[in-house]
Amino acid sequence: MHRESAELDLLPEELKSADAPEDDVRILFHRSLKSLTTDRPGVDNLQQAKYRAAIEIRLCYFGRLILLLIVGLPTTKGLINKEFEEFLNLFCRCCLITLQGAYIAEMEEKSGRSSCRLLPEKFSLTFHWFHSITRHLNLGIARLRAGQYPEAVDALDRTSVVAAVCLAEIISLVKTISDPSQPVELLMPGTPGTNVSEREPDGT
């Protein structure tokens with residue numbers, strides 16, 4: 001979480017320690033549209049709509065920007081408080097899992113790694129990552145109950161990462177099953193009349 005300084009000529013004030021790791025959810029409150037410089041056309045639209053402030057949300061995948069959201073506000077008076085910040089941060093972290101899962105699935109598809117897997121392999125990977133989610137989640141809960149809060153945070157952070165990967169596998173699985181150009185029987189190993197050499201080059 002970041003908050004803009006009261007002085008417009010100063011950089012936004014960080015709400016976390018300087019040595020904290022870079023987060024893939026970054027939220028910046030702009031008390032004036034003058035400090036919003038990431039999207040000039042967006043600022044023009046906000047000004048035309050009579051907005052005076054904005055919330056900038058940057059959702060990334062290990063530092064690579066996936067989605068930039070700018071929400072206009074008529075005023076900041078009474079809107080930005082601790083409860084609102086906590087809710088917004090939690091909401092954006094939940095959204096980030098979905099966005100990262102879709103991003104991973106798209107990158108896997110573009111690289112061709114996803115298309116070369118057989119249907120049973122996709123089911124197996126999906127089950128594997130789902131099991132990893134429950135394992136990390138239970139570990140985080142156990143550490144919370146034991147009062148080991150830094151360890152619990154680490155386990156829950158890992159849970160969100162694994163959840164994104166699991167979602168990517170689910171997206172790939174759904175695309176494989178619903179693709180009419182890929183008959184399911186051709187994606188199954190050992191199907192009568194289907195030779196392995198027809199699916200994969202020799203030596204692979």
# chains A, B, ... in the order shown; residues from 1 in each chain; ligands from 1
>>> select_by_dssp(residues="stretch 47-198 of chain A", states="strand (DSSP E or B)", output="ChimeraX atom specification")
/A:53-61,64-73
>>> residues_around(residues="A:Ala164", least_positions_apart="2", cutoff="10 Å", atoms="only C-alpha atoms", output="PDB file with all heavy atoms, in the first residue's frame")
ATOM      1  N   LEU A  96      -5.780 -10.938  -7.768  1.00  0.00           N
ATOM      2  CA  LEU A  96      -4.466 -11.223  -8.340  1.00  0.00           C
ATOM      3  C   LEU A  96      -4.290 -12.707  -8.646  1.00  0.00           C
ATOM      4  O   LEU A  96      -3.665 -13.061  -9.644  1.00  0.00           O
ATOM      5  CB  LEU A  96      -3.369 -10.760  -7.380  1.00  0.00           C
ATOM      6  CG  LEU A  96      -1.930 -10.939  -7.874  1.00  0.00           C
ATOM      7  CD1 LEU A  96      -1.676 -10.070  -9.098  1.00  0.00           C
ATOM      8  CD2 LEU A  96      -0.938 -10.600  -6.771  1.00  0.00           C
ATOM      9  N   ILE A  97      -4.858 -13.584  -7.809  1.00  0.00           N
ATOM     10  CA  ILE A  97      -4.745 -15.021  -8.043  1.00  0.00           C
ATOM     11  C   ILE A  97      -5.368 -15.381  -9.391  1.00  0.00           C
ATOM     12  O   ILE A  97      -4.799 -16.137 -10.187  1.00  0.00           O
ATOM     13  CB  ILE A  97      -5.417 -15.807  -6.904  1.00  0.00           C
ATOM     14  CG1 ILE A  97      -4.671 -15.564  -5.594  1.00  0.00           C
ATOM     15  CG2 ILE A  97      -5.465 -17.298  -7.223  1.00  0.00           C
ATOM     16  CD1 ILE A  97      -5.327 -16.205  -4.385  1.00  0.00           C
ATOM     17  N   THR A  98      -6.559 -14.824  -9.657  1.00  0.00           N
ATOM     18  CA  THR A  98      -7.231 -15.091 -10.934  1.00  0.00           C
ATOM     19  C   THR A  98      -6.434 -14.539 -12.106  1.00  0.00           C
ATOM     20  O   THR A  98      -6.242 -15.220 -13.126  1.00  0.00           O
ATOM     21  CB  THR A  98      -8.634 -14.472 -10.930  1.00  0.00           C
ATOM     22  OG1 THR A  98      -9.371 -15.007  -9.821  1.00  0.00           O
ATOM     23  CG2 THR A  98      -9.382 -14.789 -12.218  1.00  0.00           C
ATOM     24  N   LEU A  99      -5.940 -13.324 -11.970  1.00  0.00           N
ATOM     25  CA  LEU A  99      -5.188 -12.699 -13.059  1.00  0.00           C
ATOM     26  C   LEU A  99      -3.889 -13.441 -13.336  1.00  0.00           C
ATOM     27  O   LEU A  99      -3.532 -13.678 -14.497  1.00  0.00           O
ATOM     28  CB  LEU A  99      -4.896 -11.238 -12.715  1.00  0.00           C
ATOM     29  CG  LEU A  99      -6.080 -10.279 -12.769  1.00  0.00           C
ATOM     30  CD1 LEU A  99      -5.692  -8.927 -12.192  1.00  0.00           C
ATOM     31  CD2 LEU A  99      -6.552 -10.114 -14.208  1.00  0.00           C
ATOM     32  N   GLN A 100      -3.177 -13.823 -12.294  1.00  0.00           N
ATOM     33  CA  GLN A 100      -1.920 -14.546 -12.488  1.00  0.00           C
ATOM     34  C   GLN A 100      -2.173 -15.921 -13.103  1.00  0.00           C
ATOM     35  O   GLN A 100      -1.411 -16.374 -13.958  1.00  0.00           O
ATOM     36  CB  GLN A 100      -1.175 -14.677 -11.160  1.00  0.00           C
ATOM     37  CG  GLN A 100      -0.572 -13.367 -10.691  1.00  0.00           C
ATOM     38  CD  GLN A 100       0.291 -13.537  -9.452  1.00  0.00           C
ATOM     39  OE1 GLN A 100       0.190 -14.524  -8.731  1.00  0.00           O
ATOM     40  NE2 GLN A 100       1.127 -12.562  -9.185  1.00  0.00           N
ATOM     41  N   GLY A 101      -3.264 -16.586 -12.677  1.00  0.00           N
ATOM     42  CA  GLY A 101      -3.594 -17.876 -13.271  1.00  0.00           C
ATOM     43  C   GLY A 101      -3.864 -17.765 -14.757  1.00  0.00           C
ATOM     44  O   GLY A 101      -3.362 -18.569 -15.564  1.00  0.00           O
ATOM     45  N   ALA A 102      -4.641 -16.750 -15.152  1.00  0.00           N
ATOM     46  CA  ALA A 102      -4.930 -16.538 -16.570  1.00  0.00           C
ATOM     47  C   ALA A 102      -3.661 -16.175 -17.340  1.00  0.00           C
ATOM     48  O   ALA A 102      -3.461 -16.611 -18.485  1.00  0.00           O
ATOM     49  CB  ALA A 102      -5.973 -15.440 -16.719  1.00  0.00           C
ATOM     50  N   TYR A 103      -2.776 -15.390 -16.712  1.00  0.00           N
ATOM     51  CA  TYR A 103      -1.529 -14.991 -17.364  1.00  0.00           C
ATOM     52  C   TYR A 103      -0.620 -16.196 -17.576  1.00  0.00           C
ATOM     53  O   TYR A 103      -0.033 -16.370 -18.653  1.00  0.00           O
ATOM     54  CB  TYR A 103      -0.828 -13.932 -16.508  1.00  0.00           C
ATOM     55  CG  TYR A 103       0.491 -13.461 -17.068  1.00  0.00           C
ATOM     56  CD1 TYR A 103       0.530 -12.526 -18.095  1.00  0.00           C
ATOM     57  CD2 TYR A 103       1.692 -13.952 -16.576  1.00  0.00           C
ATOM     58  CE1 TYR A 103       1.736 -12.090 -18.620  1.00  0.00           C
ATOM     59  CE2 TYR A 103       2.905 -13.521 -17.092  1.00  0.00           C
ATOM     60  CZ  TYR A 103       2.920 -12.592 -18.106  1.00  0.00           C
ATOM     61  OH  TYR A 103       4.118 -12.178 -18.619  1.00  0.00           O
ATOM     62  N   ILE A 104      -0.489 -17.043 -16.548  1.00  0.00           N
ATOM     63  CA  ILE A 104       0.352 -18.238 -16.674  1.00  0.00           C
ATOM     64  C   ILE A 104      -0.181 -19.146 -17.773  1.00  0.00           C
ATOM     65  O   ILE A 104       0.580 -19.674 -18.590  1.00  0.00           O
ATOM     66  CB  ILE A 104       0.406 -18.995 -15.336  1.00  0.00           C
ATOM     67  CG1 ILE A 104       1.114 -18.150 -14.271  1.00  0.00           C
ATOM     68  CG2 ILE A 104       1.136 -20.327 -15.498  1.00  0.00           C
ATOM     69  CD1 ILE A 104       1.019 -18.731 -12.876  1.00  0.00           C
ATOM     70  N   ALA A 105      -1.514 -19.330 -17.804  1.00  0.00           N
ATOM     71  CA  ALA A 105      -2.119 -20.186 -18.826  1.00  0.00           C
ATOM     72  C   ALA A 105      -1.849 -19.648 -20.227  1.00  0.00           C
ATOM     73  O   ALA A 105      -1.545 -20.403 -21.150  1.00  0.00           O
ATOM     74  CB  ALA A 105      -3.625 -20.298 -18.582  1.00  0.00           C
ATOM     75  N   TRP A 129      -1.505 -29.633  -8.123  1.00  0.00           N
ATOM     76  CA  TRP A 129      -1.463 -28.257  -7.632  1.00  0.00           C
ATOM     77  C   TRP A 129      -2.584 -27.989  -6.636  1.00  0.00           C
ATOM     78  O   TRP A 129      -2.402 -27.223  -5.676  1.00  0.00           O
ATOM     79  CB  TRP A 129      -1.536 -27.276  -8.798  1.00  0.00           C
ATOM     80  CG  TRP A 129      -0.273 -27.253  -9.606  1.00  0.00           C
ATOM     81  CD1 TRP A 129      -0.124 -27.633 -10.906  1.00  0.00           C
ATOM     82  CD2 TRP A 129       1.022 -26.850  -9.167  1.00  0.00           C
ATOM     83  NE1 TRP A 129       1.182 -27.491 -11.298  1.00  0.00           N
ATOM     84  CE2 TRP A 129       1.911 -27.014 -10.259  1.00  0.00           C
ATOM     85  CE3 TRP A 129       1.527 -26.368  -7.957  1.00  0.00           C
ATOM     86  CZ2 TRP A 129       3.263 -26.708 -10.162  1.00  0.00           C
ATOM     87  CZ3 TRP A 129       2.879 -26.072  -7.860  1.00  0.00           C
ATOM     88  CH2 TRP A 129       3.727 -26.240  -8.964  1.00  0.00           C
ATOM     89  N   ILE A 133      -2.234 -26.672  -2.738  1.00  0.00           N
ATOM     90  CA  ILE A 133      -2.966 -25.559  -2.122  1.00  0.00           C
ATOM     91  C   ILE A 133      -3.415 -25.938  -0.717  1.00  0.00           C
ATOM     92  O   ILE A 133      -3.207 -25.196   0.246  1.00  0.00           O
ATOM     93  CB  ILE A 133      -4.181 -25.159  -2.980  1.00  0.00           C
ATOM     94  CG1 ILE A 133      -3.730 -24.533  -4.294  1.00  0.00           C
ATOM     95  CG2 ILE A 133      -5.073 -24.165  -2.222  1.00  0.00           C
ATOM     96  CD1 ILE A 133      -4.878 -24.239  -5.241  1.00  0.00           C
ATOM     97  N   THR A 159       0.522 -20.189  -0.627  1.00  0.00           N
ATOM     98  CA  THR A 159      -0.792 -20.702  -1.018  1.00  0.00           C
ATOM     99  C   THR A 159      -1.353 -19.923  -2.197  1.00  0.00           C
ATOM    100  O   THR A 159      -1.885 -20.509  -3.151  1.00  0.00           O
ATOM    101  CB  THR A 159      -1.770 -20.620   0.162  1.00  0.00           C
ATOM    102  OG1 THR A 159      -1.256 -21.345   1.276  1.00  0.00           O
ATOM    103  CG2 THR A 159      -3.121 -21.205  -0.218  1.00  0.00           C
ATOM    104  N   SER A 160      -1.234 -18.595  -2.165  1.00  0.00           N
ATOM    105  CA  SER A 160      -1.766 -17.770  -3.251  1.00  0.00           C
ATOM    106  C   SER A 160      -1.020 -18.014  -4.556  1.00  0.00           C
ATOM    107  O   SER A 160      -1.621 -18.050  -5.633  1.00  0.00           O
ATOM    108  CB  SER A 160      -1.704 -16.286  -2.871  1.00  0.00           C
ATOM    109  OG  SER A 160      -0.357 -15.861  -2.700  1.00  0.00           O
ATOM    110  N   VAL A 161       0.307 -18.224  -4.465  1.00  0.00           N
ATOM    111  CA  VAL A 161       1.095 -18.502  -5.669  1.00  0.00           C
ATOM    112  C   VAL A 161       0.685 -19.835  -6.280  1.00  0.00           C
ATOM    113  O   VAL A 161       0.456 -19.957  -7.495  1.00  0.00           O
ATOM    114  CB  VAL A 161       2.602 -18.495  -5.344  1.00  0.00           C
ATOM    115  CG1 VAL A 161       3.414 -18.942  -6.551  1.00  0.00           C
ATOM    116  CG2 VAL A 161       3.057 -17.104  -4.904  1.00  0.00           C
ATOM    117  N   VAL A 162       0.574 -20.867  -5.429  1.00  0.00           N
ATOM    118  CA  VAL A 162       0.192 -22.190  -5.914  1.00  0.00           C
ATOM    119  C   VAL A 162      -1.232 -22.169  -6.466  1.00  0.00           C
ATOM    120  O   VAL A 162      -1.539 -22.846  -7.446  1.00  0.00           O
ATOM    121  CB  VAL A 162       0.334 -23.235  -4.786  1.00  0.00           C
ATOM    122  CG1 VAL A 162      -0.175 -24.593  -5.239  1.00  0.00           C
ATOM    123  CG2 VAL A 162       1.791 -23.345  -4.349  1.00  0.00           C
ATOM    124  N   CYS A 166      -2.464 -23.522 -10.064  1.00  0.00           N
ATOM    125  CA  CYS A 166      -3.551 -24.500 -10.168  1.00  0.00           C
ATOM    126  C   CYS A 166      -4.638 -23.980 -11.093  1.00  0.00           C
ATOM    127  O   CYS A 166      -5.177 -24.727 -11.929  1.00  0.00           O
ATOM    128  CB  CYS A 166      -4.122 -24.795  -8.781  1.00  0.00           C
ATOM    129  SG  CYS A 166      -5.461 -26.005  -8.770  1.00  0.00           S
ATOM    130  N   LEU A 167      -4.986 -22.707 -10.961  1.00  0.00           N
ATOM    131  CA  LEU A 167      -5.993 -22.122 -11.834  1.00  0.00           C
ATOM    132  C   LEU A 167      -5.544 -22.149 -13.292  1.00  0.00           C
ATOM    133  O   LEU A 167      -6.347 -22.398 -14.199  1.00  0.00           O
ATOM    134  CB  LEU A 167      -6.289 -20.679 -11.399  1.00  0.00           C
ATOM    135  CG  LEU A 167      -7.315 -19.918 -12.237  1.00  0.00           C
ATOM    136  CD1 LEU A 167      -8.657 -20.645 -12.240  1.00  0.00           C
ATOM    137  CD2 LEU A 167      -7.481 -18.498 -11.724  1.00  0.00           C
ATOM    138  N   ALA A 168      -4.253 -21.906 -13.525  1.00  0.00           N
ATOM    139  CA  ALA A 168      -3.724 -21.971 -14.894  1.00  0.00           C
ATOM    140  C   ALA A 168      -3.897 -23.369 -15.473  1.00  0.00           C
ATOM    141  O   ALA A 168      -4.260 -23.527 -16.654  1.00  0.00           O
ATOM    142  CB  ALA A 168      -2.252 -21.570 -14.903  1.00  0.00           C
ATOM    143  N   GLU A 169      -3.662 -24.395 -14.664  1.00  0.00           N
ATOM    144  CA  GLU A 169      -3.851 -25.769 -15.137  1.00  0.00           C
ATOM    145  C   GLU A 169      -5.320 -26.047 -15.421  1.00  0.00           C
ATOM    146  O   GLU A 169      -5.660 -26.749 -16.384  1.00  0.00           O
ATOM    147  CB  GLU A 169      -3.311 -26.758 -14.103  1.00  0.00           C
ATOM    148  CG  GLU A 169      -1.812 -26.717 -13.913  1.00  0.00           C
ATOM    149  CD  GLU A 169      -1.045 -27.103 -15.166  1.00  0.00           C
ATOM    150  OE1 GLU A 169      -1.619 -27.777 -16.040  1.00  0.00           O
ATOM    151  OE2 GLU A 169       0.135 -26.720 -15.285  1.00  0.00           O
ATOM    152  N   ILE A 170      -6.213 -25.515 -14.597  1.00  0.00           N
ATOM    153  CA  ILE A 170      -7.653 -25.702 -14.823  1.00  0.00           C
ATOM    154  C   ILE A 170      -8.072 -25.038 -16.134  1.00  0.00           C
ATOM    155  O   ILE A 170      -8.835 -25.604 -16.925  1.00  0.00           O
ATOM    156  CB  ILE A 170      -8.455 -25.140 -13.637  1.00  0.00           C
ATOM    157  CG1 ILE A 170      -8.195 -25.964 -12.381  1.00  0.00           C
ATOM    158  CG2 ILE A 170      -9.949 -25.116 -13.954  1.00  0.00           C
ATOM    159  CD1 ILE A 170      -8.840 -25.411 -11.128  1.00  0.00           C
TER     160      ILE A 170
END
>>> closest_residue(among="A:Ser178, A:Asn81, A:Ser172, A:Ser35", to="A:Glu106", atoms="only C-alpha atoms")
A:Ser172
>>> select_by_dssp(residues="stretch 117-186 of chain A", states="alpha helix (DSSP H)", output="short mmCIF file (atom, residue, chain, number, x, y, z; two decimals) with C-alpha atoms, in the first residue's frame")
data_model
loop_
_atom_site.label_atom_id
_atom_site.label_comp_id
_atom_site.auth_asym_id
_atom_site.auth_seq_id
_atom_site.Cartn_x
_atom_site.Cartn_y
_atom_site.Cartn_z
CA LEU A 119 -5.28 -35.06 -21.30
CA PRO A 120 -4.38 -37.41 -18.40
CA GLU A 121 -1.27 -35.29 -17.75
CA LYS A 122 -3.40 -32.16 -17.50
CA PHE A 123 -5.73 -33.86 -14.99
CA SER A 124 -2.74 -35.09 -12.99
CA LEU A 125 -1.13 -31.64 -12.83
CA THR A 126 -4.40 -30.01 -11.82
CA PHE A 127 -4.83 -32.51 -8.99
CA HIS A 128 -1.20 -32.04 -7.94
CA TRP A 129 -1.46 -28.26 -7.63
CA PHE A 130 -4.85 -28.44 -5.87
CA HIS A 131 -3.33 -30.80 -3.31
CA SER A 132 -0.45 -28.33 -2.85
CA ILE A 133 -2.97 -25.56 -2.12
CA THR A 134 -4.56 -27.53 0.71
CA ARG A 135 -1.14 -28.46 2.11
CA HIS A 136 0.14 -24.86 2.22
CA LEU A 137 -3.20 -23.61 3.55
CA ASN A 138 -3.28 -26.15 6.39
CA LEU A 139 0.33 -25.32 7.20
CA GLY A 140 -0.54 -21.62 7.41
CA ILE A 141 -3.51 -22.32 9.69
CA ALA A 142 -1.39 -24.50 11.97
CA ARG A 143 1.27 -21.82 12.29
CA LEU A 144 -1.36 -19.17 13.04
CA ARG A 145 -2.72 -21.31 15.87
CA TYR A 149 2.88 -15.30 12.51
CA PRO A 150 5.83 -14.67 10.12
CA GLU A 151 5.85 -18.36 9.21
CA ALA A 152 2.07 -18.28 8.72
CA VAL A 153 2.33 -15.30 6.38
CA ASP A 154 4.96 -17.12 4.33
CA ALA A 155 2.78 -20.23 4.07
CA LEU A 156 -0.28 -18.23 3.04
CA ASP A 157 1.73 -16.27 0.46
CA ARG A 158 2.85 -19.59 -1.00
CA THR A 159 -0.79 -20.70 -1.02
CA SER A 160 -1.77 -17.77 -3.25
CA VAL A 161 1.09 -18.50 -5.67
CA VAL A 162 0.19 -22.19 -5.91
CA ALA A 163 -3.49 -21.28 -6.33
CA ALA A 164 -2.62 -19.19 -9.39
CA VAL A 165 -0.68 -22.10 -10.92
CA CYS A 166 -3.55 -24.50 -10.17
CA LEU A 167 -5.99 -22.12 -11.83
CA ALA A 168 -3.72 -21.97 -14.89
CA GLU A 169 -3.85 -25.77 -15.14
CA ILE A 170 -7.65 -25.70 -14.82
CA ILE A 171 -7.89 -23.12 -17.63
CA SER A 172 -5.64 -25.25 -19.84
CA LEU A 173 -7.70 -28.35 -19.02
CA VAL A 174 -10.99 -26.63 -19.86
CA LYS A 175 -9.59 -25.33 -23.15
CA THR A 176 -8.39 -28.81 -24.07
CA ILE A 177 -11.73 -30.45 -23.34
CA SER A 178 -13.82 -27.73 -25.02
#
>>> residues_around(residues="stretch 69-80 of chain A", least_positions_apart="6", cutoff="10 Å", atoms="only C-alpha atoms", output="VMD selection string")
chain A and resid 27 to 33 36 38 to 39 42 to 43 45 to 47 49 to 59
>>> write_last_selection(atoms="C-alpha atoms", output="compact mmCIF listing (two decimals), in the first residue's frame")
# COMPACT_ATOMS: atom_id res chain seq x y z
CA ILE A 27 -2.15 0.50 -4.50
CA LEU A 28 -1.60 4.25 -4.65
CA PHE A 29 -4.06 6.87 -3.42
CA HIS A 30 -3.92 10.10 -5.41
CA ARG A 31 -5.47 12.96 -3.48
CA SER A 32 -5.05 15.06 -6.60
CA LEU A 33 -5.12 14.02 -10.27
CA LEU A 36 -1.41 10.62 -11.56
CA THR A 38 0.83 6.75 -15.55
CA ASP A 39 -2.15 7.25 -17.90
CA GLY A 42 -7.28 8.24 -18.33
CA VAL A 43 -6.60 11.41 -16.34
CA ASN A 45 -11.40 11.23 -18.81
CA LEU A 46 -11.46 11.55 -15.03
CA GLN A 47 -11.22 15.33 -15.23
CA ALA A 49 -16.17 13.38 -15.37
CA LYS A 50 -15.48 15.92 -12.59
CA TYR A 51 -13.39 13.53 -10.47
CA ARG A 52 -10.82 15.13 -8.21
CA ALA A 53 -8.94 12.12 -6.83
CA ALA A 54 -8.15 8.57 -7.88
CA ILE A 55 -6.99 5.15 -6.72
CA GLU A 56 -4.32 3.53 -8.89
CA ILE A 57 -4.02 -0.27 -8.66
CA ARG A 58 -1.16 -2.13 -10.31
CA LEU A 59 -1.50 -5.92 -10.50
>>> atom_distance(atom1="atom CA of A:Arg93", atom2="atom CA of A:Tyr61")
11.8 Å
>>> closest_residue(among="A:Lys34, A:Val25, A:Cys94, A:Lys82", to="A:Ile66", atoms="only C-alpha atoms")
A:Val25
>>> decode(residues="stretch 60-84 of chain A", atoms="N, CA and C atoms", output="mmCIF file, in the first residue's frame")
data_model
loop_
_atom_site.group_PDB
_atom_site.id
_atom_site.type_symbol
_atom_site.label_atom_id
_atom_site.label_comp_id
_atom_site.auth_asym_id
_atom_site.auth_seq_id
_atom_site.Cartn_x
_atom_site.Cartn_y
_atom_site.Cartn_z
ATOM 1 N N CYS A 60 0.530 -7.243 -10.835
ATOM 2 C CA CYS A 60 1.681 -7.737 -11.586
ATOM 3 C C CYS A 60 1.883 -9.230 -11.365
ATOM 4 N N TYR A 61 2.721 -9.808 -12.222
ATOM 5 C CA TYR A 61 3.177 -11.186 -12.045
ATOM 6 C C TYR A 61 4.689 -11.152 -11.916
ATOM 7 N N PHE A 62 5.170 -11.274 -10.700
ATOM 8 C CA PHE A 62 6.599 -11.177 -10.395
ATOM 9 C C PHE A 62 7.213 -9.927 -11.040
ATOM 10 N N GLY A 63 6.544 -8.801 -10.822
ATOM 11 C CA GLY A 63 7.053 -7.523 -11.297
ATOM 12 C C GLY A 63 6.589 -7.121 -12.682
ATOM 13 N N ARG A 64 6.032 -8.041 -13.458
ATOM 14 C CA ARG A 64 5.556 -7.704 -14.805
ATOM 15 C C ARG A 64 4.091 -7.288 -14.733
ATOM 16 N N LEU A 65 3.792 -6.092 -15.216
ATOM 17 C CA LEU A 65 2.444 -5.547 -15.109
ATOM 18 C C LEU A 65 1.452 -6.377 -15.915
ATOM 19 N N ILE A 66 0.381 -6.820 -15.250
ATOM 20 C CA ILE A 66 -0.694 -7.562 -15.906
ATOM 21 C C ILE A 66 -1.882 -6.639 -16.177
ATOM 22 N N LEU A 67 -2.252 -5.858 -15.160
ATOM 23 C CA LEU A 67 -3.440 -5.008 -15.277
ATOM 24 C C LEU A 67 -3.240 -3.738 -14.469
ATOM 25 N N LEU A 68 -3.588 -2.616 -15.073
ATOM 26 C CA LEU A 68 -3.555 -1.319 -14.395
ATOM 27 C C LEU A 68 -4.985 -0.800 -14.284
ATOM 28 N N LEU A 69 -5.437 -0.547 -13.060
ATOM 29 C CA LEU A 69 -6.781 -0.036 -12.817
ATOM 30 C C LEU A 69 -6.677 1.351 -12.193
ATOM 31 N N ILE A 70 -7.479 2.286 -12.709
ATOM 32 C CA ILE A 70 -7.549 3.626 -12.141
ATOM 33 C C ILE A 70 -9.009 3.928 -11.850
ATOM 34 N N VAL A 71 -9.325 4.129 -10.577
ATOM 35 C CA VAL A 71 -10.697 4.375 -10.141
ATOM 36 C C VAL A 71 -10.815 5.834 -9.716
ATOM 37 N N GLY A 72 -11.716 6.564 -10.370
ATOM 38 C CA GLY A 72 -11.915 7.968 -10.047
ATOM 39 C C GLY A 72 -12.760 8.156 -8.801
ATOM 40 N N LEU A 73 -12.439 9.188 -8.020
ATOM 41 C CA LEU A 73 -13.180 9.521 -6.807
ATOM 42 C C LEU A 73 -13.596 10.982 -6.845
ATOM 43 N N PRO A 74 -14.839 11.285 -6.474
ATOM 44 C CA PRO A 74 -15.247 12.696 -6.451
ATOM 45 C C PRO A 74 -14.503 13.489 -5.392
ATOM 46 N N THR A 75 -14.153 12.806 -4.297
ATOM 47 C CA THR A 75 -13.390 13.418 -3.218
ATOM 48 C C THR A 75 -12.791 12.312 -2.364
ATOM 49 N N THR A 76 -11.767 12.623 -1.609
ATOM 50 C CA THR A 76 -11.174 11.629 -0.720
ATOM 51 C C THR A 76 -11.677 11.767 0.706
ATOM 52 N N LYS A 77 -12.455 12.775 0.963
ATOM 53 C CA LYS A 77 -12.920 13.036 2.320
ATOM 54 C C LYS A 77 -13.846 11.920 2.793
ATOM 55 N N GLY A 78 -13.467 11.270 3.875
ATOM 56 C CA GLY A 78 -14.286 10.231 4.466
ATOM 57 C C GLY A 78 -14.257 8.893 3.755
ATOM 58 N N LEU A 79 -13.506 8.778 2.665
ATOM 59 C CA LEU A 79 -13.497 7.528 1.905
ATOM 60 C C LEU A 79 -12.312 6.642 2.237
ATOM 61 N N ILE A 80 -11.188 7.253 2.499
ATOM 62 C CA ILE A 80 -9.962 6.483 2.707
ATOM 63 C C ILE A 80 -9.660 6.401 4.197
ATOM 64 N N ASN A 81 -9.874 5.240 4.757
ATOM 65 C CA ASN A 81 -9.551 4.985 6.149
ATOM 66 C C ASN A 81 -8.892 3.617 6.256
ATOM 67 N N LYS A 82 -8.541 3.221 7.456
ATOM 68 C CA LYS A 82 -7.816 1.969 7.644
ATOM 69 C C LYS A 82 -8.642 0.770 7.181
ATOM 70 N N GLU A 83 -9.938 0.762 7.517
ATOM 71 C CA GLU A 83 -10.789 -0.366 7.127
ATOM 72 C C GLU A 83 -10.898 -0.464 5.618
ATOM 73 N N PHE A 84 -11.006 0.677 4.953
ATOM 74 C CA PHE A 84 -11.104 0.679 3.496
ATOM 75 C C PHE A 84 -9.807 0.171 2.866
#
